[in-house]
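**Q** Structure: query20.txt, compact mmCIF, C-alpha atoms.
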# COMPACT_ATOMS: atom_id res chain seq x y z
CA MET J 21 12.47 -39.98 45.93
CA GLN J 22 16.00 -38.65 45.45
CA ASN J 23 15.64 -39.03 41.68
CA GLY J 24 12.45 -36.98 41.83
CA ARG J 25 14.21 -34.24 43.78
CA SER J 26 17.08 -34.21 41.28
CA ALA J 27 14.62 -33.81 38.41
CA THR J 28 12.92 -30.92 40.19
CA LEU J 29 16.24 -29.14 40.82
CA GLN J 30 17.31 -29.64 37.20
CA ARG J 31 14.23 -27.67 36.13
CA PHE J 32 15.84 -24.64 37.76
CA GLY J 33 18.68 -24.93 35.24
CA PHE J 34 21.32 -26.07 37.75
CA ALA J 35 24.21 -28.12 36.39
CA PRO J 36 24.08 -31.86 37.28
CA GLU J 37 27.09 -31.64 39.58
CA THR J 38 25.54 -28.64 41.33
CA VAL J 39 22.26 -30.54 41.76
CA ASP J 40 24.09 -33.33 43.59
CA GLN J 41 25.81 -30.85 45.88
CA VAL J 42 22.59 -28.95 46.57
CA LEU J 43 20.84 -32.20 47.46
CA GLN J 44 23.62 -32.94 49.91
CA ALA J 45 23.42 -29.42 51.38
CA LEU J 46 19.64 -29.70 51.79
CA SER J 47 19.55 -33.32 52.98
CA ARG J 48 17.11 -33.84 55.86
CA GLU J 49 15.80 -36.84 57.79
CA LEU J 50 12.01 -36.61 57.57
CA PRO J 51 9.15 -39.15 57.72
CA GLU J 52 7.44 -40.30 54.56
CA VAL J 53 4.15 -38.75 55.65
CA CYS J 54 3.83 -35.30 57.16
CA PRO J 55 2.74 -35.56 60.82
CA GLU J 56 -0.63 -34.13 61.80
CA PRO J 57 -0.05 -32.02 64.96
CA SER J 58 -3.68 -32.33 66.08
CA GLN J 59 -3.21 -36.10 66.37
CA LEU J 60 -0.08 -35.86 68.53
CA SER J 61 0.45 -35.28 72.23
CA LEU J 62 2.23 -31.92 72.40
CA GLY J 63 1.76 -31.00 76.05
CA ASN J 64 4.40 -29.75 78.46
CA GLU J 65 7.63 -31.72 78.66
CA ILE J 66 9.23 -32.99 81.86
CA PHE J 67 11.60 -30.03 82.25
CA VAL J 68 8.78 -27.46 82.58
CA PRO J 69 8.18 -27.67 86.39
CA ASP J 70 11.89 -27.11 87.16
CA TRP J 71 11.96 -24.07 84.91
CA ILE J 72 8.80 -22.62 86.44
CA GLY J 73 10.65 -22.88 89.75
CA CYS J 74 13.65 -21.11 88.19
CA CYS J 75 11.38 -18.29 86.98
CA LEU J 76 10.03 -17.86 90.52
CA GLU J 77 13.54 -17.84 92.00
CA ALA J 78 14.61 -15.24 89.44
CA TRP J 79 11.76 -13.02 90.63
CA ARG J 80 12.40 -13.65 94.34
CA ARG J 81 16.18 -13.36 94.31
CA SER J 82 17.87 -12.38 91.05
CA PRO J 83 18.00 -13.80 87.52
CA VAL J 84 21.70 -14.67 87.73
CA ALA J 85 21.36 -16.37 91.14
CA ALA J 86 18.48 -18.52 89.86
CA LEU J 87 20.26 -19.37 86.62
CA ARG J 88 23.50 -20.31 88.39
CA GLU J 89 21.60 -23.02 90.26
CA MET J 90 19.86 -24.22 87.11
CA LEU J 91 22.79 -24.00 84.68
CA PHE J 92 25.99 -25.09 86.38
CA GLU J 93 28.14 -23.66 83.56
CA LEU J 94 27.23 -20.17 84.76
CA ASN J 95 29.33 -20.74 87.87
CA PHE J 96 32.47 -20.62 85.70
CA PRO J 97 33.94 -17.65 83.81
CA ILE J 98 34.24 -17.60 80.02
CA ALA J 99 37.90 -18.36 79.35
CA ALA J 100 39.99 -20.11 76.74
CA GLY J 101 40.86 -23.68 77.77
CA ILE J 102 38.55 -23.73 80.80
CA SER J 103 36.60 -26.76 79.57
CA GLY J 104 39.79 -28.82 79.85
CA THR J 105 40.48 -28.04 83.50
CA PRO J 106 39.92 -30.77 86.14
CA GLU J 107 37.43 -28.60 88.03
CA TYR J 108 35.28 -28.05 84.96
CA GLN J 109 35.42 -31.65 83.81
CA SER J 110 34.49 -32.87 87.28
CA LEU J 111 31.40 -30.67 87.14
CA ALA J 112 30.53 -31.71 83.62
CA LEU J 113 30.67 -35.41 84.46
CA ALA J 114 29.04 -34.97 87.90
CA GLY J 115 31.15 -37.95 89.01
CA SER J 116 29.86 -39.84 92.03
CA SER J 117 29.01 -36.68 93.94
CA SER J 118 25.61 -35.85 95.34
CA LEU J 119 23.79 -32.72 94.24
CA GLU J 120 24.68 -31.04 97.53
CA ASP J 121 28.37 -31.93 97.13
CA VAL J 122 28.44 -30.52 93.62
CA ARG J 123 26.81 -27.29 94.75
CA SER J 124 29.24 -26.89 97.66
CA THR J 125 32.27 -27.13 95.37
CA LEU J 126 31.10 -24.69 92.70
CA PRO J 127 33.53 -21.78 92.19
CA PRO J 128 32.42 -18.38 93.50
CA GLN J 129 33.20 -16.53 90.28
CA GLY J 130 30.95 -16.78 87.24
CA PRO J 131 30.97 -14.90 83.94
CA ALA J 132 31.51 -11.15 83.73
CA TRP J 133 27.95 -10.07 82.99
CA SER J 134 27.17 -6.77 81.29
CA GLU J 135 23.62 -6.11 82.57
CA PRO J 136 22.76 -8.99 84.92
CA ASP J 137 19.78 -7.26 86.55
CA LYS J 138 18.08 -6.82 83.18
CA ILE J 139 18.05 -10.53 82.34
CA ARG J 140 14.50 -11.98 82.23
CA VAL J 141 13.56 -15.62 82.78
CA PHE J 142 10.02 -16.62 81.79
CA MET J 143 7.93 -19.34 80.16
CA HIS J 144 6.56 -18.96 76.62
CA ASP J 145 3.54 -20.89 75.34
CA SER J 146 4.83 -22.26 72.06
CA GLY J 147 1.56 -23.91 71.05
CA ALA J 148 3.34 -27.23 71.61
CA GLY J 149 4.06 -26.85 75.33
CA LEU J 150 5.68 -24.25 77.57
CA LEU J 151 9.27 -23.32 76.73
CA PRO J 152 11.75 -21.62 79.09
CA VAL J 153 13.11 -18.32 77.78
CA ILE J 154 16.19 -16.43 78.94
CA HIS J 155 16.06 -12.89 77.54
CA THR J 156 19.09 -10.61 77.90
CA ALA J 157 19.07 -6.84 77.53
CA SER J 158 22.50 -6.84 75.89
CA HIS J 159 24.00 -8.92 73.10
CA ALA J 160 27.12 -9.37 75.26
CA ASP J 161 25.12 -11.27 77.91
CA PHE J 162 23.45 -13.37 75.21
CA VAL J 163 26.92 -14.29 73.96
CA ILE J 164 27.91 -15.35 77.50
CA LEU J 165 24.91 -17.67 77.72
CA LEU J 166 25.62 -19.18 74.31
CA GLN J 167 29.33 -19.65 75.05
CA ALA J 168 28.63 -21.21 78.44
CA ILE J 169 25.78 -23.54 77.48
CA VAL J 170 26.74 -24.56 73.96
CA HIS J 171 30.53 -24.12 73.92
CA ARG J 172 31.45 -25.24 77.45
CA ASN J 173 32.51 -21.75 78.58
CA GLU J 174 34.98 -21.35 75.72
CA PRO J 175 35.09 -17.83 74.14
CA VAL J 176 33.81 -18.91 70.71
CA PRO J 177 32.92 -15.89 68.49
CA VAL J 178 29.19 -15.20 68.01
CA PRO J 179 28.16 -12.94 65.10
CA LEU J 180 26.00 -9.87 65.73
CA SER J 181 23.42 -11.24 63.30
CA THR J 182 22.76 -14.07 65.77
CA GLY J 183 20.38 -12.81 68.45
CA SER J 184 18.54 -15.97 69.42
CA SER J 185 19.25 -19.65 69.82
CA PHE J 186 17.19 -22.74 70.52
CA ILE J 187 19.08 -25.10 72.84
CA ASN J 188 17.94 -28.66 72.25
CA GLY J 189 18.93 -31.34 74.75
CA TYR J 190 20.75 -29.41 77.49
CA SER J 191 21.89 -31.88 80.18
CA ASN J 192 20.33 -30.67 83.40
CA ARG J 193 22.84 -31.97 85.95
CA GLY J 194 20.65 -31.17 88.94
CA ARG J 195 17.81 -33.32 87.64
CA TYR J 196 20.25 -36.02 86.54
CA LEU J 197 21.63 -36.30 90.09
CA ARG J 198 18.11 -36.40 91.58
CA ILE J 199 17.11 -39.16 89.15
CA ARG J 200 20.30 -41.10 89.93
CA GLU J 201 19.59 -40.82 93.65
CA ALA J 202 16.00 -41.96 93.09
CA LEU J 203 17.27 -45.00 91.17
CA ALA J 204 19.74 -45.84 93.95
CA LEU J 205 17.01 -45.62 96.61
CA GLY J 206 14.60 -47.72 94.57
CA VAL J 207 11.94 -45.02 94.32
CA LEU J 208 12.39 -44.96 90.54
CA ALA J 209 12.22 -48.19 88.58
CA PRO J 210 15.38 -49.01 86.55
CA GLU J 211 13.32 -49.27 83.36
CA ALA J 212 12.36 -45.60 83.82
CA ARG J 213 15.97 -44.53 83.30
CA ASN J 214 15.85 -42.46 80.13
CA PRO J 215 18.34 -39.70 79.16
CA GLN J 216 15.42 -37.57 77.98
CA LEU J 217 14.38 -37.21 81.62
CA TRP J 218 17.26 -34.81 82.23
CA LYS J 219 17.42 -33.13 78.81
CA ASP J 220 16.08 -29.57 78.66
CA LYS J 221 15.09 -27.34 75.79
CA ILE J 222 15.80 -23.63 76.28
CA LEU J 223 15.25 -20.49 74.21
CA LEU J 224 17.95 -17.81 74.44
CA LEU J 225 17.10 -14.27 73.28
CA ALA J 226 18.99 -11.00 73.05
CA SER J 227 17.55 -7.53 72.77
CA GLY J 228 18.62 -5.63 69.70
CA PRO J 229 17.68 -5.35 66.03
CA TYR J 230 16.61 -8.66 64.48
CA SER J 231 19.36 -10.18 62.32
CA GLY J 232 21.40 -7.01 62.92
CA VAL J 233 19.11 -5.06 60.55
CA PRO J 234 18.75 -1.37 61.59
CA ALA J 235 15.35 0.19 62.20
CA SER J 236 15.87 2.57 59.25
CA ALA J 237 16.03 -0.38 56.84
CA MET J 238 12.64 -1.55 58.14
CA GLY J 239 11.05 1.89 57.99
CA LEU J 240 10.37 1.82 61.74
CA ASP J 241 11.43 3.93 64.70
CA PRO J 242 14.12 2.20 66.85
CA GLU J 243 11.85 1.50 69.84
CA LYS J 244 9.16 -0.11 67.68
CA TRP J 245 11.74 -2.18 65.81
CA LEU J 246 13.30 -3.46 69.06
CA GLU J 247 9.86 -4.50 70.29
CA ARG J 248 9.11 -6.27 67.02
CA SER J 249 12.57 -7.88 67.00
CA THR J 250 11.88 -9.54 70.36
CA CYS J 251 8.55 -10.88 69.08
CA LEU J 252 10.24 -12.18 65.93
CA ARG J 253 12.94 -13.96 67.90
CA ILE J 254 10.54 -15.63 70.32
CA HIS J 255 8.28 -17.01 67.59
CA HIS J 256 11.20 -17.89 65.32
CA GLU J 257 12.72 -20.09 68.03
CA ALA J 258 9.31 -21.42 69.14
CA CYS J 259 8.92 -22.69 65.56
CA HIS J 260 12.24 -24.53 65.90
CA TYR J 261 10.95 -26.06 69.13
CA LEU J 262 7.72 -27.20 67.48
CA ASN J 263 9.68 -28.79 64.66
CA ARG J 264 11.95 -30.58 67.12
CA ARG J 265 8.86 -32.18 68.61
CA LEU J 266 7.34 -33.05 65.24
CA PHE J 267 10.58 -34.12 63.54
CA PRO J 268 13.02 -35.38 66.25
CA GLN J 269 15.70 -36.40 63.72
CA LEU J 270 15.66 -33.10 61.83
CA LYS J 271 18.96 -31.24 61.48
CA PHE J 272 18.25 -27.53 61.31
CA GLY J 273 19.41 -25.68 58.22
CA LEU J 274 18.58 -22.87 55.84
CA GLN J 275 15.10 -24.10 54.97
CA ASP J 276 14.26 -24.10 58.67
CA GLU J 277 15.42 -20.48 58.90
CA LEU J 278 12.94 -19.60 56.17
CA ILE J 279 10.09 -21.39 57.94
CA ALA J 280 11.00 -19.97 61.37
CA ASP J 281 11.21 -16.42 59.96
CA PHE J 282 7.87 -17.06 58.28
CA ALA J 283 6.40 -18.03 61.67
CA GLY J 284 7.98 -15.01 63.37
CA LEU J 285 6.76 -12.51 60.79
CA MET J 286 3.25 -13.96 60.75
CA GLU J 287 3.06 -13.51 64.54
CA ALA J 288 4.79 -10.11 64.70
CA THR J 289 3.15 -8.42 61.72
CA GLY J 290 0.28 -10.64 60.60
CA ALA J 291 1.87 -11.19 57.18
CA PHE J 292 4.96 -12.70 55.58
CA LYS J 293 6.86 -10.39 53.24
CA ALA J 294 9.62 -11.94 51.16
CA ALA J 295 11.56 -8.66 51.09
CA GLU J 296 11.87 -8.66 54.88
CA PHE J 297 13.09 -12.26 55.05
CA LEU J 298 15.61 -11.62 52.27
CA LEU J 299 16.86 -8.53 54.12
CA PHE J 300 17.44 -10.65 57.22
CA MET J 301 19.42 -13.16 55.16
CA GLY J 302 21.46 -10.55 53.25
CA LEU J 303 19.78 -11.48 49.96
CA GLU J 304 17.75 -8.31 49.35
CA ARG J 305 19.76 -7.63 46.16
CA PHE J 306 20.07 -11.21 44.96
CA PRO J 307 22.16 -12.45 43.17
CA ASP J 308 24.41 -10.10 45.17
CA TYR J 309 24.93 -10.91 48.84
CA ARG J 310 25.28 -8.35 51.62
CA ALA J 311 27.97 -9.28 54.12
CA GLY J 312 26.59 -9.61 57.63
CA GLY J 313 23.35 -11.32 56.60
CA ARG J 314 22.42 -14.65 58.19
CA LEU J 315 23.21 -16.66 55.06
CA GLU J 316 26.88 -16.71 56.04
CA ASN J 317 26.03 -18.38 59.36
CA TYR J 318 25.64 -21.71 57.53
CA PRO J 319 29.11 -22.66 56.29
CA ARG J 320 28.49 -26.37 56.93
CA GLU J 321 25.66 -26.48 54.41
CA LEU J 322 27.17 -24.19 51.78
CA GLY J 323 30.75 -25.43 52.17
CA GLY J 324 32.29 -22.31 50.63
CA ASN J 325 31.09 -23.44 47.20
CA ALA J 326 29.97 -20.45 45.10
CA GLU J 327 27.69 -22.49 42.81
CA VAL J 328 25.94 -24.24 45.70
CA THR J 329 25.58 -20.95 47.60
CA HIS J 330 24.03 -19.27 44.56
CA ALA J 331 21.68 -22.22 43.95
CA VAL J 332 20.47 -22.45 47.56
CA ALA J 333 20.10 -18.66 47.75
CA ARG J 334 17.98 -18.71 44.59
CA LEU J 335 15.75 -21.42 46.07
CA LEU J 336 15.32 -19.35 49.23
CA VAL J 337 14.43 -16.25 47.21
CA GLU J 338 11.85 -18.00 45.05
CA ALA J 339 10.38 -19.96 47.98
CA ALA J 340 9.99 -16.72 49.96
CA VAL J 341 8.19 -15.05 47.05
CA ASN J 342 5.87 -18.05 46.71
CA LEU J 343 5.06 -18.06 50.44
CA GLU J 344 4.22 -14.36 50.36
CA GLN J 345 1.98 -14.82 47.34
CA PHE J 346 0.15 -17.84 48.74
CA PHE J 347 -0.50 -16.55 52.26
CA PHE J 348 -1.43 -13.06 51.10
CA SER J 349 -4.74 -14.52 49.95
CA TRP J 350 -5.38 -16.44 53.17
CA ASP J 351 -7.75 -15.25 55.87
CA PRO J 352 -5.38 -14.46 58.81
CA MET J 353 -7.66 -16.35 61.21
CA ARG J 354 -7.26 -19.44 59.09
CA TYR J 355 -3.53 -19.32 59.74
CA VAL J 356 -4.04 -18.74 63.47
CA VAL J 357 -6.32 -21.78 63.75
CA GLY J 358 -4.18 -24.06 61.57
CA LYS J 359 -0.72 -22.67 62.40
CA LEU J 360 0.85 -25.90 63.65
CA ARG J 361 -0.32 -27.82 60.59
CA VAL J 362 0.96 -25.11 58.23
CA LEU J 363 4.39 -25.00 59.87
CA ALA J 364 4.62 -28.80 59.86
CA LEU J 365 3.86 -28.96 56.14
CA LEU J 366 6.25 -26.14 55.19
CA THR J 367 9.01 -27.88 57.12
CA TRP J 368 8.26 -31.28 55.63
CA LEU J 369 8.16 -30.21 51.97
CA PRO J 370 11.57 -29.97 50.25
CA LEU J 371 12.84 -26.43 49.64
CA GLU J 372 12.80 -26.94 45.87
CA ILE J 373 9.06 -27.70 46.01
CA LEU J 374 8.42 -24.47 47.91
CA ALA J 375 10.51 -22.65 45.28
CA ALA J 376 8.86 -24.28 42.25
CA PRO J 377 6.67 -22.19 39.90
CA ASP J 378 3.55 -24.13 40.92
CA ALA J 379 4.26 -24.05 44.66
CA CYS J 380 1.09 -22.05 45.39
CA GLY J 381 -1.04 -24.70 43.72
CA ILE J 382 0.71 -27.49 45.63
CA LEU J 383 0.26 -25.68 48.94
CA GLY J 384 -3.38 -25.01 48.17
CA ARG J 385 -4.12 -28.67 47.46
CA LEU J 386 -2.29 -29.91 50.54
CA LEU J 387 -3.52 -27.35 53.04
CA ASN J 388 -7.10 -27.58 51.85
CA GLY J 389 -7.08 -31.36 52.34
CA ALA J 390 -7.05 -33.37 55.53
CA ASP J 391 -4.68 -36.15 54.53
CA GLY J 392 -0.92 -36.43 54.28
CA ILE J 393 0.76 -36.94 50.93
CA SER J 394 2.86 -39.81 49.70
CA PRO J 395 6.61 -39.78 49.12
CA PRO J 396 6.48 -39.56 45.29
CA ASP J 397 4.57 -36.26 45.46
CA ARG J 398 7.46 -34.71 47.41
CA GLY J 399 9.73 -35.24 44.43
CA LYS J 400 7.47 -33.60 41.86
CA SER J 401 6.95 -29.97 41.03
CA SER J 402 3.98 -30.50 38.79
What is this file in structure tokens?
**A**
Amino acid sequence: MQNGRSATLQRFGFAPETVDQVLQALSRELPEVCPEPSQLSLGNEIFVPDWIGCCLEAWRRSPVAALREMLFELNFPIAAGISGTPEYQSLALAGSSSLEDVRSTLPPQGPAWSEPDKIRVFMHDSGAGLLPVIHTASHADFVILLQAIVHRNEPVPVPLSTGSSFINGYSNRGRYLRIREALALGVLAPEARNPQLWKDKILLLASGPYSGVPASAMGLDPEKWLERSTCLRIHHEACHYLNRRLFPQLKFGLQDELIADFAGLMEATGAFKAAEFLLFMGLERFPDYRAGGRLENYPRELGGNAEVTHAVARLLVEAAVNLEQFFFSWDPMRYVVGKLRVLALLTWLPLEILAAPDACGILGRLLNGADGISPPDRGKSS
């Protein structure tokens, strides 16, 4: 299969050494056959009831009060070196304490919120189960959430172009302690002990222009663009959630940003326009790059290599153009009905196939059929 992918990339005129580096940058762990979402169980996951309770507490009391009980990190300030303190490490490990003991020892001071009363906590129907969403009115509060949950309360910089994040596998300490107590009391069988029982998936959103792009660049008034930006972010991250359920081993990268933006634009506007995606990425004047676009948020994949960056950017540009051309001719209702299958296929196909000159023909054959395709087909562009 790798030889087939190399041959496809060489047709773009990339040098052999660049092809090898691009393959490494775009490497992904995917099954040999694309999953069929309609044949899978994609109902609510185990974390959903707890988060419904959190939503109710946010309405009854306050968003921050509810979130502090759900996300223990929010009981600590954001400060350099805090994750190494004994108090923080004791919380992180949960030790031998009961849930009540942990709650009683939490510090009284949490992060310095900007607009705490404007935080919203709600459930979003992703099409593959309900997903908890924390939506902040300010980017500063979004940064607090990201620093606390992902970076253990360390003040790691977050670029303005990042306004949403899908948290996969958050360790819910409250549920972990309840499960541990249930095991100790014998009301939960030892064979039921599974780390996934206390792993949550959470969608974090900030208000503000999508990808840091101003309303003037989109030809919209600011209020309309902010409304559309929120819709884009929700459906972008919901696409990531769907793909986590379909492809559990998948490591997110630049191709997944293309597919998630495709999903977001289809929901927000009813159409995918390559020019809008490229503007979000900073590639609207390719081969030139505009600083501040989302492309620079992927240093691990691109590795600071100019040739690899140019090659991957070109693949993104050509794949985006192909997606616009193919789905322009589709009945919008056909996408609505078959959305999960479309997103699964676009995620499963290699980026170079989506960028190939005959991508529209390949997509037509695959989406018009009912069966998966075999591994050799993934390595061919004709």
**Q** Which one of J:Ala202, J:Ala379, J:Ile373, J:Leu94 sits closest to Phe347 of chain J if you count all atoms listed in the file?
**A**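 Answer, going by the shortest atom-to-atom distance: J:Ala379.
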**Q** What does the distance from atom CA of Ser146 of chain J to atom CA of Val356 of chain J come to in Å, to one decimal?
**A**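 Computed distance, atom CA of Ser146 of chain J to atom CA of Val356 of chain J, equals 12.8 Å.
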**Q** So which one's closest to Ala85 of chain J, J:Gly273, J:Pro268, J:Gly130, J:Gly206? Using only C-alpha atoms, please.
**A**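 Closest residue, counting only C-alpha atoms: J:Gly130.
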**Q** Sorted by chain and rising residue number, which residues of segment 116-214 of chain J lie within 6 Å of segment 48-67 of chain J, and what are their closest atom pairs and distances in Å to one decimal, counting all atoms listed in the file, as a tab-separated table?
**A**
residue	atom	partner	partner_atom	distance
J:Ala148	CA	J:Leu62	CA	4.9
J:Gly149	CA	J:Asn64	CA	4.3
J:Leu150	CA	J:Asn64	CA	5.7
**Q** For atom CA of Leu225 of chain J and atom CA of Ile154 of chain J, determine how far apart the two atoms are, in Å to one decimal place.
**A** 6.1 Å
**Q** Taking only C-alpha atoms into account, name the residue in J:Met353, J:Ala340, J:Leu278, J:Met143 that is nearest to Pro69 of chain J.
**A**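 Checking each of J:Met353, J:Ala340, J:Leu278, J:Met143 against Pro69 of chain J, counting only C-alpha atoms, the winner is J:Met143.
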**Q** Rounded to one decimal in Å, what is the spacing between atom CA of Glu277 of chain J and atom CA of Glu135 of chain J?
**A**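 Between these atoms lies a distance of 28.9 Å.
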**Q** What's around segment 156-169 of chain J at 7 Å? Count all atoms listed in the file, leave out sequence neighbours fewer than 6 positions away in its own chain, and write the answer as a PyMOL selection string.
**A** chain J and resi 93-94+98+133-135+138-140+175-176+178+225-227
**Q** If I put a ball of radius 10 Å at (-1.2, -25.6, 63.4) in the file's coordinates, which residues poke into it when counting only C-alpha atoms, written as a list in words?
**A**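 The residues that fall inside the cut-off are Glu56, Pro57, Ser58, Gly147, Ala148, Leu262, Arg354, Tyr355, Val356, Val357, Gly358, Lys359, Leu360, Arg361, Val362, Leu363, Ala364 and Leu365 of chain J.
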**Q** Neighbours of Asp40 of chain J within 12 Å (all atoms listed in the file; same-chain residues fewer than 3 positions away dropped), as a VMD selection string?
**A** chain J and resid 22 to 23 25 to 30 34 to 37 43 to 47 327 to 328 331
**Q** Restricted to C-alpha atoms, what would the selected residues look like written as a PDB file, in the coordinates of the input?
**A**
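Dumped everything to selection_24.pdb:
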ATOM      1  CA  GLN J  22      16.000 -38.650  45.450  1.00  0.00           C
ATOM      2  CA  ASN J  23      15.640 -39.030  41.680  1.00  0.00           C
ATOM      3  CA  ARG J  25      14.210 -34.240  43.780  1.00  0.00           C
ATOM      4  CA  SER J  26      17.080 -34.210  41.280  1.00  0.00           C
ATOM      5  CA  ALA J  27      14.620 -33.810  38.410  1.00  0.00           C
ATOM      6  CA  THR J  28      12.920 -30.920  40.190  1.00  0.00           C
ATOM      7  CA  LEU J  29      16.240 -29.140  40.820  1.00  0.00           C
ATOM      8  CA  GLN J  30      17.310 -29.640  37.200  1.00  0.00           C
ATOM      9  CA  PHE J  34      21.320 -26.070  37.750  1.00  0.00           C
ATOM     10  CA  ALA J  35      24.210 -28.120  36.390  1.00  0.00           C
ATOM     11  CA  PRO J  36      24.080 -31.860  37.280  1.00  0.00           C
ATOM     12  CA  GLU J  37      27.090 -31.640  39.580  1.00  0.00           C
ATOM     13  CA  LEU J  43      20.840 -32.200  47.460  1.00  0.00           C
ATOM     14  CA  GLN J  44      23.620 -32.940  49.910  1.00  0.00           C
ATOM     15  CA  ALA J  45      23.420 -29.420  51.380  1.00  0.00           C
ATOM     16  CA  LEU J  46      19.640 -29.700  51.790  1.00  0.00           C
ATOM     17  CA  SER J  47      19.550 -33.320  52.980  1.00  0.00           C
ATOM     18  CA  GLU J 327      27.690 -22.490  42.810  1.00  0.00           C
ATOM     19  CA  VAL J 328      25.940 -24.240  45.700  1.00  0.00           C
ATOM     20  CA  ALA J 331      21.680 -22.220  43.950  1.00  0.00           C
TER      21      ALA J 331
END
**Q** Need to verify the contact set: Val141 of chain J, 8 Å, only C-alpha atoms, exclusion of same-chain residues closer than 4 positions in sequence. Can you return it as a list of chain:residue names?
**A** J:Cys74, J:Cys75, J:Ala78, J:Pro83, J:Pro152, J:Val153, J:Ile154, J:His155
**Q** Give the answer as one residue: which of J:Arg80, J:His255, J:Arg172, J:Lys244 has the shortest atom-to-atom distance to Ala288 of chain J, using all atoms listed in the file?
**A**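 Closest to Ala288 of chain J of all the choices is J:His255.
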**Q** Do you know which residues are at most 9 Å from Ala376 of chain J counting only C-alpha atoms, after dropping those on the same chain fewer than 3 positions away, and could you put them as a PDB file with C-alpha atoms, in the coordinates of the input?
**A**
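Once everything was written out, this is out-v8.pdb:
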ATOM      1  CA  THR J  28      12.920 -30.920  40.190  1.00  0.00           C
ATOM      2  CA  LEU J  29      16.240 -29.140  40.820  1.00  0.00           C
ATOM      3  CA  ARG J  31      14.230 -27.670  36.130  1.00  0.00           C
ATOM      4  CA  PHE J  32      15.840 -24.640  37.760  1.00  0.00           C
ATOM      5  CA  LEU J 335      15.750 -21.420  46.070  1.00  0.00           C
ATOM      6  CA  GLU J 338      11.850 -18.000  45.050  1.00  0.00           C
ATOM      7  CA  ALA J 339      10.380 -19.960  47.980  1.00  0.00           C
ATOM      8  CA  ASN J 342       5.870 -18.050  46.710  1.00  0.00           C
ATOM      9  CA  LEU J 371      12.840 -26.430  49.640  1.00  0.00           C
ATOM     10  CA  GLU J 372      12.800 -26.940  45.870  1.00  0.00           C
ATOM     11  CA  ILE J 373       9.060 -27.700  46.010  1.00  0.00           C
ATOM     12  CA  ALA J 379       4.260 -24.050  44.660  1.00  0.00           C
ATOM     13  CA  CYS J 380       1.090 -22.050  45.390  1.00  0.00           C
ATOM     14  CA  SER J 401       6.950 -29.970  41.030  1.00  0.00           C
ATOM     15  CA  SER J 402       3.980 -30.500  38.790  1.00  0.00           C
TER      16      SER J 402
END
**Q** Write out as a list in words each polymer residue whose atoms come within 10 Å of Leu203 of chain J, counting only C-alpha atoms; drop sequence neighbours fewer than 6 positions from it.
**A** Leu197, Ala209, Pro210, Glu211, Ala212 and Arg213 of chain J
